[in-house]
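*Asks:* Provided below: input_28.txt, containing compact mmCIF, C-alpha atoms.
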# COMPACT_ATOMS: atom_id res chain seq x y z
CA GLY A 1 -158.69 204.86 -26.61
CA ALA A 2 -156.50 207.67 -27.83
CA VAL A 3 -158.18 210.85 -29.09
CA VAL A 4 -157.36 212.76 -32.25
CA SER A 5 -159.03 216.07 -32.99
CA GLN A 6 -159.32 217.96 -36.24
CA HIS A 7 -160.25 221.54 -36.92
CA PRO A 8 -162.22 222.87 -38.57
CA SER A 9 -164.98 220.27 -38.88
CA TRP A 10 -166.10 221.79 -42.12
CA VAL A 11 -165.10 224.73 -44.25
CA ILE A 12 -166.47 226.42 -47.34
CA CYS A 13 -164.04 228.57 -49.27
CA LYS A 14 -163.80 230.28 -52.61
CA SER A 15 -161.72 228.96 -55.44
CA GLY A 16 -158.14 230.20 -55.32
CA THR A 17 -157.91 230.59 -51.57
CA SER A 18 -155.87 228.44 -49.18
CA VAL A 19 -157.27 226.41 -46.31
CA LYS A 20 -155.38 225.04 -43.29
CA ILE A 21 -156.58 221.96 -41.45
CA GLU A 22 -155.19 221.04 -38.04
CA CYS A 23 -154.80 217.55 -36.62
CA ARG A 24 -153.97 217.11 -32.94
CA SER A 25 -153.30 214.08 -30.79
CA LEU A 26 -154.86 215.04 -27.47
CA ASP A 27 -153.59 212.49 -24.99
CA PHE A 28 -150.57 210.94 -26.63
CA GLN A 29 -147.54 211.89 -28.65
CA ALA A 30 -147.60 211.01 -32.31
CA THR A 31 -144.31 210.91 -34.16
CA THR A 32 -146.21 209.91 -37.27
CA MET A 33 -149.48 211.26 -38.57
CA PHE A 34 -151.29 210.43 -41.77
CA TRP A 35 -153.48 212.47 -44.07
CA TYR A 36 -156.25 210.80 -46.06
CA ARG A 37 -158.81 212.05 -48.53
CA GLN A 38 -162.18 210.46 -49.18
CA PHE A 39 -164.44 211.38 -52.09
CA PRO A 40 -168.14 210.41 -51.93
CA LYS A 41 -168.72 206.66 -52.19
CA GLN A 42 -164.99 206.02 -52.48
CA SER A 43 -162.42 204.58 -50.14
CA LEU A 44 -160.01 206.54 -48.01
CA MET A 45 -156.89 207.30 -50.00
CA LEU A 46 -153.64 208.01 -48.22
CA MET A 47 -152.23 211.35 -49.33
CA ALA A 48 -149.10 211.61 -47.24
CA THR A 49 -147.30 210.45 -44.14
CA SER A 50 -146.21 213.21 -41.82
CA ASN A 51 -143.20 212.72 -39.55
CA GLU A 52 -142.43 215.08 -36.72
CA GLY A 53 -139.44 217.23 -37.51
CA SER A 54 -138.96 216.05 -41.08
CA LYS A 55 -140.49 216.38 -44.50
CA ALA A 56 -143.69 214.55 -45.27
CA THR A 57 -143.73 211.58 -47.60
CA TYR A 58 -146.33 211.97 -50.33
CA GLU A 59 -148.15 209.20 -52.16
CA GLN A 60 -147.85 208.96 -55.90
CA GLY A 61 -150.06 211.48 -57.66
CA VAL A 62 -150.37 213.86 -54.70
CA GLU A 63 -148.86 217.28 -55.37
CA LYS A 64 -146.63 218.26 -52.48
CA ASP A 65 -146.67 221.93 -53.48
CA LYS A 66 -150.44 221.99 -53.41
CA PHE A 67 -150.93 220.06 -50.19
CA LEU A 68 -148.45 221.47 -47.71
CA ILE A 69 -147.89 219.41 -44.59
CA ASN A 70 -146.19 220.62 -41.45
CA HIS A 71 -145.57 218.43 -38.41
CA ALA A 72 -143.87 220.84 -36.07
CA SER A 73 -144.59 219.07 -32.77
CA LEU A 74 -145.40 215.63 -31.45
CA THR A 75 -149.06 216.54 -31.11
CA LEU A 76 -149.82 218.70 -34.13
CA SER A 77 -149.76 218.26 -37.88
CA THR A 78 -151.29 220.68 -40.36
CA LEU A 79 -152.43 220.25 -43.94
CA THR A 80 -152.75 223.37 -46.08
CA VAL A 81 -154.65 223.11 -49.33
CA THR A 82 -153.19 225.91 -51.42
CA SER A 83 -155.07 227.63 -54.23
CA ALA A 84 -158.05 225.38 -53.67
CA HIS A 85 -160.29 224.44 -56.59
CA PRO A 86 -163.73 222.78 -56.66
CA GLU A 87 -162.13 219.41 -57.45
CA ASP A 88 -160.33 219.61 -54.08
CA SER A 89 -163.71 219.43 -52.33
CA SER A 90 -163.53 216.29 -50.25
CA PHE A 91 -163.49 214.78 -46.76
CA TYR A 92 -159.99 215.10 -45.31
CA ILE A 93 -159.16 212.79 -42.41
CA CYS A 94 -156.01 212.60 -40.35
CA SER A 95 -154.82 209.75 -38.20
CA ALA A 96 -152.02 209.23 -35.72
CA ARG A 97 -150.12 206.29 -34.36
CA ASP A 98 -149.75 205.85 -30.62
CA LEU A 99 -146.66 203.80 -29.92
CA THR A 100 -146.78 204.23 -26.17
CA GLY A 101 -149.64 201.86 -25.56
CA GLY A 102 -152.58 200.12 -27.11
CA VAL A 103 -152.36 198.01 -30.21
CA GLN A 104 -149.08 198.38 -31.98
CA TYR A 105 -149.46 200.09 -35.31
CA GLU A 106 -153.04 201.02 -34.56
CA GLN A 107 -154.04 204.31 -36.08
CA TYR A 108 -156.52 206.61 -34.39
CA PHE A 109 -158.55 208.75 -36.74
CA GLY A 110 -159.64 212.33 -36.35
CA PRO A 111 -163.29 213.24 -37.00
CA GLY A 112 -162.48 214.61 -40.44
CA THR A 113 -162.79 217.96 -42.15
CA ARG A 114 -165.30 218.45 -44.93
CA LEU A 115 -163.95 220.95 -47.45
CA THR A 116 -166.21 222.54 -50.04
CA VAL A 117 -164.63 224.84 -52.60
CA THR A 118 -167.06 227.05 -54.50
CA ARG B 1 -157.38 195.46 -60.03
CA LYS B 2 -157.92 197.26 -56.75
CA GLU B 3 -155.69 196.31 -53.86
CA VAL B 4 -158.67 195.72 -51.59
CA GLU B 5 -162.05 194.86 -53.07
CA GLN B 6 -165.44 194.80 -51.41
CA ASP B 7 -169.02 194.56 -52.60
CA PRO B 8 -170.37 198.08 -51.99
CA GLY B 9 -173.89 196.88 -51.21
CA PRO B 10 -176.11 198.21 -49.77
CA PHE B 11 -177.18 195.18 -47.84
CA ASN B 12 -180.65 195.73 -46.38
CA VAL B 13 -181.41 193.22 -43.62
CA PRO B 14 -184.10 192.97 -40.94
CA GLU B 15 -183.21 193.44 -37.32
CA GLY B 16 -181.99 190.17 -35.82
CA ALA B 17 -180.61 188.82 -39.09
CA THR B 18 -177.15 187.40 -39.60
CA VAL B 19 -175.15 189.01 -42.37
CA ALA B 20 -171.69 188.40 -43.79
CA PHE B 21 -169.35 190.62 -45.75
CA ASN B 22 -166.41 189.54 -47.84
CA CYS B 23 -163.24 191.23 -48.91
CA THR B 24 -160.36 190.18 -51.14
CA TYR B 25 -156.88 191.65 -51.27
CA SER B 26 -154.37 191.43 -54.07
CA ASN B 27 -151.01 191.69 -52.32
CA SER B 28 -149.96 188.33 -50.94
CA ALA B 29 -147.33 190.08 -48.80
CA SER B 30 -150.04 191.78 -46.74
CA GLN B 31 -149.57 191.07 -43.07
CA SER B 32 -152.22 192.80 -41.01
CA PHE B 33 -155.93 192.94 -41.56
CA PHE B 34 -158.70 194.94 -39.98
CA TRP B 35 -162.36 195.75 -40.18
CA TYR B 36 -163.30 199.37 -39.59
CA ARG B 37 -166.74 200.85 -39.27
CA GLN B 38 -167.59 204.23 -40.75
CA ASP B 39 -170.82 206.07 -40.08
CA CYS B 40 -172.09 208.63 -42.55
CA ARG B 41 -169.86 211.71 -42.63
CA LYS B 42 -167.76 210.41 -39.74
CA GLU B 43 -164.24 209.05 -39.38
CA PRO B 44 -163.54 205.31 -39.54
CA LYS B 45 -163.33 203.49 -36.24
CA LEU B 46 -161.57 200.21 -35.65
CA LEU B 47 -164.06 197.39 -35.22
CA MET B 48 -161.64 194.51 -34.92
CA SER B 49 -158.36 193.13 -36.12
CA VAL B 50 -158.45 189.91 -38.11
CA TYR B 51 -156.22 187.00 -37.17
CA SER B 52 -155.36 183.86 -39.09
CA SER B 53 -157.07 181.69 -36.54
CA GLY B 54 -160.26 183.71 -36.77
CA ASN B 55 -161.53 185.81 -33.93
CA GLU B 56 -164.79 186.77 -32.34
CA ASP B 57 -165.92 189.85 -30.44
CA GLY B 58 -169.46 189.54 -29.19
CA ARG B 59 -171.76 189.40 -32.22
CA PHE B 60 -168.91 189.95 -34.64
CA THR B 61 -166.71 187.21 -36.08
CA ALA B 62 -163.80 187.80 -38.46
CA GLN B 63 -162.07 185.19 -40.57
CA LEU B 64 -158.91 185.32 -42.68
CA ASN B 65 -157.99 182.93 -45.47
CA ARG B 66 -154.44 183.72 -46.54
CA ALA B 67 -154.37 181.10 -49.29
CA SER B 68 -157.37 182.69 -50.99
CA GLN B 69 -156.48 186.23 -49.86
CA TYR B 70 -159.95 186.58 -48.48
CA ILE B 71 -161.32 188.20 -45.33
CA SER B 72 -164.82 187.98 -43.95
CA LEU B 73 -166.92 189.64 -41.27
CA LEU B 74 -170.01 188.00 -39.82
CA ILE B 75 -172.54 189.96 -37.80
CA ARG B 76 -175.09 188.00 -35.81
CA ASP B 77 -178.36 189.30 -34.37
CA SER B 78 -178.12 192.58 -36.29
CA LYS B 79 -179.12 195.74 -34.48
CA LEU B 80 -180.39 198.98 -35.95
CA SER B 81 -177.22 200.58 -34.62
CA ASP B 82 -175.11 198.28 -36.80
CA SER B 83 -176.18 200.31 -39.84
CA ALA B 84 -172.96 201.75 -41.21
CA THR B 85 -170.31 201.19 -43.87
CA TYR B 86 -167.83 198.44 -43.06
CA LEU B 87 -164.33 198.97 -44.39
CA CYS B 88 -161.88 196.17 -45.05
CA VAL B 89 -158.36 197.43 -44.35
CA VAL B 90 -155.02 195.85 -45.10
CA ARG B 91 -151.47 196.70 -44.04
CA THR B 92 -148.66 195.42 -46.19
CA GLY B 93 -145.25 194.94 -44.69
CA GLY B 94 -144.10 196.46 -41.44
CA GLY B 95 -144.78 199.98 -42.51
CA ASN B 96 -147.51 202.43 -41.72
CA LYS B 97 -149.57 202.43 -44.86
CA LEU B 98 -153.12 201.16 -44.58
CA THR B 99 -155.05 200.36 -47.74
CA PHE B 100 -158.81 200.73 -47.46
CA GLY B 101 -161.52 199.01 -49.43
CA THR B 102 -164.41 201.14 -50.65
CA GLY B 103 -166.61 199.71 -47.94
CA THR B 104 -169.79 197.70 -47.77
CA GLN B 105 -172.89 199.53 -46.69
CA LEU B 106 -175.21 197.79 -44.24
CA LYS B 107 -178.74 198.97 -43.47
CA VAL B 108 -180.55 197.19 -40.68
CA GLU B 109 -184.31 197.72 -40.77
CA LEU B 110 -187.20 197.12 -38.40
Step by step, read the file and then write its structure as structure tokens.
*Replies:*
Amino acid sequence: GAVVSQHPSWVICKSGTSVKIECRSLDFQATTMFWYRQFPKQSLMLMATSNEGSKATYEQGVEKDKFLINHASLTLSTLTVTSAHPEDSSFYICSARDLTGGVQYEQYFGPGTRLTVT
Amino acid sequence: RKEVEQDPGPFNVPEGATVAFNCTYSNSASQSFFWYRQDCRKEPKLLMSVYSSGNEDGRFTAQLNRASQYISLLIRDSKLSDSATYLCVVRTGGGNKLTFGTGTQLKVEL
């Protein structure tokens, strides 16, 4: 199946700093990527849909100025958590759609990034 | 009411047991249904899609009841390696958005 990578795997940062997370589709082009957040013992919650070359679409309740998304190429989307606070500590997972093959609409998930803000 | 509801478990079963998980969804316009598996601190991985006619993949059988808005997953001959959280996932409409249940945790024991 298609491979999606995420970096870093985990990060610990101090409150008030910004953290950038990268999501890459390694063997396919992804016009659409998705960013999810998962708190302990909770379900994955979609934060935003990232479209290559255009602005991201954010879900209700997600602050677009706090979670900056850039999808500059067909293989890379980035999520920047600006002025991070302890309540932003979570497991951030990206996914990408591969429309060139495989199951239509199937999303391939990255391995996730565990963010801890101290 | 949550869009996708699952019993969180955990379900503790002996190796070789048969176990079933259920899931209900609230949006009758939902069109696509999936079961994902998520291991601790890992990303979700697609286990199987769920079709109206029911479908089977080895030891795993998925069923969909549109009238009751109910999805099930049956695992036969459980293995230790089946221990994970099983996520019920629903797509509504032709768009991209997937809605995840909170997951049902399965622990298979010796």
*Asks:* Kindly determine which residues of chain B lie within 7 Å of chain A, considering all atoms listed in the file, and give the answer as a short mmCIF file (atom, residue, chain, number, x, y, z; two decimals) with C-alpha atoms, in the coordinates of the input.
*Replies:*
data_model
loop_
_atom_site.label_atom_id
_atom_site.label_comp_id
_atom_site.auth_asym_id
_atom_site.auth_seq_id
_atom_site.Cartn_x
_atom_site.Cartn_y
_atom_site.Cartn_z
CA LYS B 42 -167.76 210.41 -39.74
CA GLU B 43 -164.24 209.05 -39.38
CA PRO B 44 -163.54 205.31 -39.54
CA PHE B 100 -158.81 200.73 -47.46
CA GLY B 101 -161.52 199.01 -49.43
CA THR B 102 -164.41 201.14 -50.65
CA GLY B 103 -166.61 199.71 -47.94
#
*Asks:* What's around B:Gln31 at 12 Å? Count only C-alpha atoms, leave out sequence neighbours fewer than 6 positions away in its own chain, and write the answer as a list in words.
*Replies:*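 Those residues are Tyr105 of chain A; Tyr25, Ser49, Val50, Tyr51, Ser52, Leu64, Asn65, Arg66, Gln69, Val89, Val90, Arg91, Thr92, Gly93, Gly94, Gly95, Asn96, Lys97, Leu98 and Thr99 of chain B.
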*Asks:* Could you check which of A:His85, A:Ser90, A:Tyr36, A:Glu59 is closest to A:Val117, using only C-alpha atoms?
*Replies:*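 Selected residue with least distance to A:Val117: A:His85.
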*Asks:* Atom CA of A:Ser89 to atom CA of A:Thr17: how many Å, to one decimal?
*Replies:*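 Answer for the atom CA of A:Ser89 to atom CA of A:Thr17 separation: 12.6 Å.
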*Asks:* Give me, please, the distance in Å between atom CA of A:Val81 and atom CA of A:Lys14, quoted to one decimal.
*Replies:*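 Here the two named atoms are 12.1 Å from each other.
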*Asks:* Can you tell me how far atom CA of A:Trp10 sits from atom CA of B:Thr85, in Å to one decimal?
*Replies:*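 Interatomic distance, atom CA of A:Trp10 to atom CA of B:Thr85: 21.1 Å.
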*Asks:* Find the residues around B:Cys88 up to 9 Å (only C-alpha atoms counted), leave out those fewer than 5 positions away in its own chain, and share them as a PDB file with C-alpha atoms, in the coordinates of the input.
*Replies:*
ATOM      1  CA  VAL B   4    -158.670 195.720 -51.590  1.00  0.00           C
ATOM      2  CA  GLU B   5    -162.050 194.860 -53.070  1.00  0.00           C
ATOM      3  CA  GLN B   6    -165.440 194.800 -51.410  1.00  0.00           C
ATOM      4  CA  ASN B  22    -166.410 189.540 -47.840  1.00  0.00           C
ATOM      5  CA  CYS B  23    -163.240 191.230 -48.910  1.00  0.00           C
ATOM      6  CA  THR B  24    -160.360 190.180 -51.140  1.00  0.00           C
ATOM      7  CA  PHE B  33    -155.930 192.940 -41.560  1.00  0.00           C
ATOM      8  CA  PHE B  34    -158.700 194.940 -39.980  1.00  0.00           C
ATOM      9  CA  TRP B  35    -162.360 195.750 -40.180  1.00  0.00           C
ATOM     10  CA  TYR B  36    -163.300 199.370 -39.590  1.00  0.00           C
ATOM     11  CA  ARG B  37    -166.740 200.850 -39.270  1.00  0.00           C
ATOM     12  CA  ILE B  71    -161.320 188.200 -45.330  1.00  0.00           C
ATOM     13  CA  SER B  72    -164.820 187.980 -43.950  1.00  0.00           C
ATOM     14  CA  THR B  99    -155.050 200.360 -47.740  1.00  0.00           C
ATOM     15  CA  PHE B 100    -158.810 200.730 -47.460  1.00  0.00           C
ATOM     16  CA  GLY B 101    -161.520 199.010 -49.430  1.00  0.00           C
ATOM     17  CA  THR B 102    -164.410 201.140 -50.650  1.00  0.00           C
ATOM     18  CA  GLY B 103    -166.610 199.710 -47.940  1.00  0.00           C
ATOM     19  CA  THR B 104    -169.790 197.700 -47.770  1.00  0.00           C
TER      20      THR B 104
END
*Asks:* Using all atoms listed in the file, tabulate the residues of stretch 28-109 of chain B lying at most 8 Å from any atom of stretch 7-20 of chain B, each with its closest atom pair and that distance in Å to one decimal, by chain and increasing residue number, as JSON lines.
*Replies:*
{"residue": "B:Ser72", "atom": "CA", "partner": "B:Ala20", "partner_atom": "CA", "distance": 6.9}
{"residue": "B:Leu73", "atom": "CA", "partner": "B:Ala20", "partner_atom": "CA", "distance": 5.5}
{"residue": "B:Leu74", "atom": "CA", "partner": "B:Ala20", "partner_atom": "CA", "distance": 4.3}
{"residue": "B:Ile75", "atom": "CA", "partner": "B:Val19", "partner_atom": "CA", "distance": 5.3}
{"residue": "B:Arg76", "atom": "CA", "partner": "B:Thr18", "partner_atom": "CA", "distance": 4.4}
{"residue": "B:Asp77", "atom": "CA", "partner": "B:Gly16", "partner_atom": "CA", "distance": 4.0}
{"residue": "B:Ser78", "atom": "CA", "partner": "B:Gly16", "partner_atom": "CA", "distance": 4.6}
{"residue": "B:Lys79", "atom": "CA", "partner": "B:Glu15", "partner_atom": "CA", "distance": 5.5}
{"residue": "B:Leu80", "atom": "CA", "partner": "B:Glu15", "partner_atom": "CA", "distance": 6.4}
{"residue": "B:Thr102", "atom": "CA", "partner": "B:Pro8", "partner_atom": "CA", "distance": 6.8}
{"residue": "B:Gly103", "atom": "CA", "partner": "B:Pro8", "partner_atom": "CA", "distance": 5.8}
{"residue": "B:Thr104", "atom": "CA", "partner": "B:Pro8", "partner_atom": "CA", "distance": 4.3}
{"residue": "B:Gln105", "atom": "CA", "partner": "B:Pro10", "partner_atom": "CA", "distance": 4.6}
{"residue": "B:Leu106", "atom": "CA", "partner": "B:Phe11", "partner_atom": "CA", "distance": 4.9}
{"residue": "B:Lys107", "atom": "CA", "partner": "B:Asn12", "partner_atom": "CA", "distance": 4.8}
{"residue": "B:Val108", "atom": "CA", "partner": "B:Val13", "partner_atom": "CA", "distance": 5.0}
{"residue": "B:Glu109", "atom": "CA", "partner": "B:Pro14", "partner_atom": "CA", "distance": 4.8}
*Asks:* Write the residues of the preceding selection, restricted to C-alpha atoms, as a tab-separated table (two decimals), in the frame of the given file.
*Replies:*
chain	number	residue	atom	x	y	z
B	72	SER	CA	-164.82	187.98	-43.95
B	73	LEU	CA	-166.92	189.64	-41.27
B	74	LEU	CA	-170.01	188.00	-39.82
B	75	ILE	CA	-172.54	189.96	-37.80
B	76	ARG	CA	-175.09	188.00	-35.81
B	77	ASP	CA	-178.36	189.30	-34.37
B	78	SER	CA	-178.12	192.58	-36.29
B	79	LYS	CA	-179.12	195.74	-34.48
B	80	LEU	CA	-180.39	198.98	-35.95
B	102	THR	CA	-164.41	201.14	-50.65
B	103	GLY	CA	-166.61	199.71	-47.94
B	104	THR	CA	-169.79	197.70	-47.77
B	105	GLN	CA	-172.89	199.53	-46.69
B	106	LEU	CA	-175.21	197.79	-44.24
B	107	LYS	CA	-178.74	198.97	-43.47
B	108	VAL	CA	-180.55	197.19	-40.68
B	109	GLU	CA	-184.31	197.72	-40.77
*Asks:* Nearest to B:Ala29 among B:Leu87, B:Leu46, B:Glu3, B:Ser53, with distances taken over only C-alpha atoms: which residue is it?
*Replies:*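 Looking only at the distances to B:Ala29, the closest residue turns out to be B:Glu3.
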*Asks:* Neighbours of A:Thr78 within 12 Å (all atoms listed in the file; same-chain residues fewer than 2 positions away dropped), as a VMD selection string?
*Replies:* chain A and resid 5 to 8 19 to 25 33 to 35 48 to 52 56 67 to 76 80 to 81 92 to 95 113
*Asks:* Write stretch 51-74 of chain B as an mmCIF file, in the frame of the given file, completed to N, CA, C and O atoms.
*Replies:*
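As written to disk, selection.cif reads:
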data_model
loop_
_atom_site.group_PDB
_atom_site.id
_atom_site.type_symbol
_atom_site.label_atom_id
_atom_site.label_comp_id
_atom_site.auth_asym_id
_atom_site.auth_seq_id
_atom_site.Cartn_x
_atom_site.Cartn_y
_atom_site.Cartn_z
ATOM 1 N N TYR B 51 -157.353 187.898 -37.358
ATOM 2 C CA TYR B 51 -156.220 187.000 -37.170
ATOM 3 C C TYR B 51 -156.426 185.712 -37.965
ATOM 4 O O TYR B 51 -157.550 185.322 -38.272
ATOM 5 N N SER B 52 -155.312 185.067 -38.256
ATOM 6 C CA SER B 52 -155.360 183.860 -39.090
ATOM 7 C C SER B 52 -156.246 182.780 -38.501
ATOM 8 O O SER B 52 -156.879 182.017 -39.234
ATOM 9 N N SER B 53 -156.285 182.741 -37.189
ATOM 10 C CA SER B 53 -157.070 181.690 -36.540
ATOM 11 C C SER B 53 -158.547 182.040 -36.447
ATOM 12 O O SER B 53 -159.362 181.266 -35.963
ATOM 13 N N GLY B 54 -158.880 183.235 -36.896
ATOM 14 C CA GLY B 54 -160.260 183.710 -36.770
ATOM 15 C C GLY B 54 -160.470 184.262 -35.368
ATOM 16 O O GLY B 54 -159.851 183.789 -34.410
ATOM 17 N N ASN B 55 -161.287 185.246 -35.242
ATOM 18 C CA ASN B 55 -161.530 185.810 -33.930
ATOM 19 C C ASN B 55 -162.944 186.359 -33.833
ATOM 20 O O ASN B 55 -163.575 186.686 -34.831
ATOM 21 N N GLU B 56 -163.406 186.403 -32.594
ATOM 22 C CA GLU B 56 -164.790 186.770 -32.340
ATOM 23 C C GLU B 56 -164.825 187.856 -31.267
ATOM 24 O O GLU B 56 -164.036 187.851 -30.325
ATOM 25 N N ASP B 57 -165.730 188.809 -31.438
ATOM 26 C CA ASP B 57 -165.920 189.850 -30.440
ATOM 27 C C ASP B 57 -167.419 190.081 -30.324
ATOM 28 O O ASP B 57 -168.008 190.802 -31.130
ATOM 29 N N GLY B 58 -168.019 189.419 -29.354
ATOM 30 C CA GLY B 58 -169.460 189.540 -29.190
ATOM 31 C C GLY B 58 -170.193 188.998 -30.402
ATOM 32 O O GLY B 58 -170.027 187.834 -30.773
ATOM 33 N N ARG B 59 -170.964 189.833 -31.057
ATOM 34 C CA ARG B 59 -171.760 189.400 -32.220
ATOM 35 C C ARG B 59 -170.960 189.392 -33.512
ATOM 36 O O ARG B 59 -171.497 189.030 -34.566
ATOM 37 N N PHE B 60 -169.735 189.800 -33.453
ATOM 38 C CA PHE B 60 -168.910 189.950 -34.640
ATOM 39 C C PHE B 60 -167.840 188.861 -34.698
ATOM 40 O O PHE B 60 -167.143 188.619 -33.715
ATOM 41 N N THR B 61 -167.730 188.233 -35.873
ATOM 42 C CA THR B 61 -166.710 187.210 -36.080
ATOM 43 C C THR B 61 -165.956 187.530 -37.367
ATOM 44 O O THR B 61 -166.572 187.778 -38.411
ATOM 45 N N ALA B 62 -164.636 187.527 -37.290
ATOM 46 C CA ALA B 62 -163.800 187.800 -38.460
ATOM 47 C C ALA B 62 -162.999 186.563 -38.810
ATOM 48 O O ALA B 62 -162.560 185.837 -37.926
ATOM 49 N N GLN B 63 -162.847 186.336 -40.098
ATOM 50 C CA GLN B 63 -162.070 185.190 -40.570
ATOM 51 C C GLN B 63 -161.087 185.671 -41.630
ATOM 52 O O GLN B 63 -161.378 186.583 -42.394
ATOM 53 N N LEU B 64 -159.934 185.003 -41.687
ATOM 54 C CA LEU B 64 -158.910 185.320 -42.680
ATOM 55 C C LEU B 64 -158.503 184.029 -43.381
ATOM 56 O O LEU B 64 -158.216 183.035 -42.722
ATOM 57 N N ASN B 65 -158.483 184.057 -44.686
ATOM 58 C CA ASN B 65 -157.990 182.930 -45.470
ATOM 59 C C ASN B 65 -156.827 183.442 -46.316
ATOM 60 O O ASN B 65 -157.032 184.063 -47.360
ATOM 61 N N ARG B 66 -155.624 183.186 -45.845
ATOM 62 C CA ARG B 66 -154.440 183.720 -46.540
ATOM 63 C C ARG B 66 -154.259 183.073 -47.909
ATOM 64 O O ARG B 66 -153.829 183.727 -48.851
ATOM 65 N N ALA B 67 -154.575 181.801 -48.012
ATOM 66 C CA ALA B 67 -154.370 181.100 -49.290
ATOM 67 C C ALA B 67 -155.234 181.731 -50.385
ATOM 68 O O ALA B 67 -154.806 181.885 -51.532
ATOM 69 N N SER B 68 -156.457 182.095 -50.019
ATOM 70 C CA SER B 68 -157.370 182.690 -50.990
ATOM 71 C C SER B 68 -157.342 184.214 -50.951
ATOM 72 O O SER B 68 -158.035 184.858 -51.753
ATOM 73 N N GLN B 69 -156.590 184.768 -50.010
ATOM 74 C CA GLN B 69 -156.480 186.230 -49.860
ATOM 75 C C GLN B 69 -157.872 186.824 -49.693
ATOM 76 O O GLN B 69 -158.293 187.736 -50.427
ATOM 77 N N TYR B 70 -158.531 186.318 -48.682
ATOM 78 C CA TYR B 70 -159.950 186.580 -48.480
ATOM 79 C C TYR B 70 -160.197 186.815 -46.992
ATOM 80 O O TYR B 70 -159.664 186.116 -46.137
ATOM 81 N N ILE B 71 -160.989 187.862 -46.712
ATOM 82 C CA ILE B 71 -161.320 188.200 -45.330
ATOM 83 C C ILE B 71 -162.830 188.297 -45.227
ATOM 84 O O ILE B 71 -163.484 188.744 -46.170
ATOM 85 N N SER B 72 -163.369 187.880 -44.106
ATOM 86 C CA SER B 72 -164.820 187.980 -43.950
ATOM 87 C C SER B 72 -165.172 188.563 -42.585
ATOM 88 O O SER B 72 -164.384 188.533 -41.645
ATOM 89 N N LEU B 73 -166.362 189.115 -42.531
ATOM 90 C CA LEU B 73 -166.920 189.640 -41.270
ATOM 91 C C LEU B 73 -168.345 189.140 -41.175
ATOM 92 O O LEU B 73 -169.137 189.331 -42.098
ATOM 93 N N LEU B 74 -168.671 188.515 -40.060
ATOM 94 C CA LEU B 74 -170.010 188.000 -39.820
ATOM 95 C C LEU B 74 -170.624 188.775 -38.666
ATOM 96 O O LEU B 74 -169.986 188.932 -37.619
#
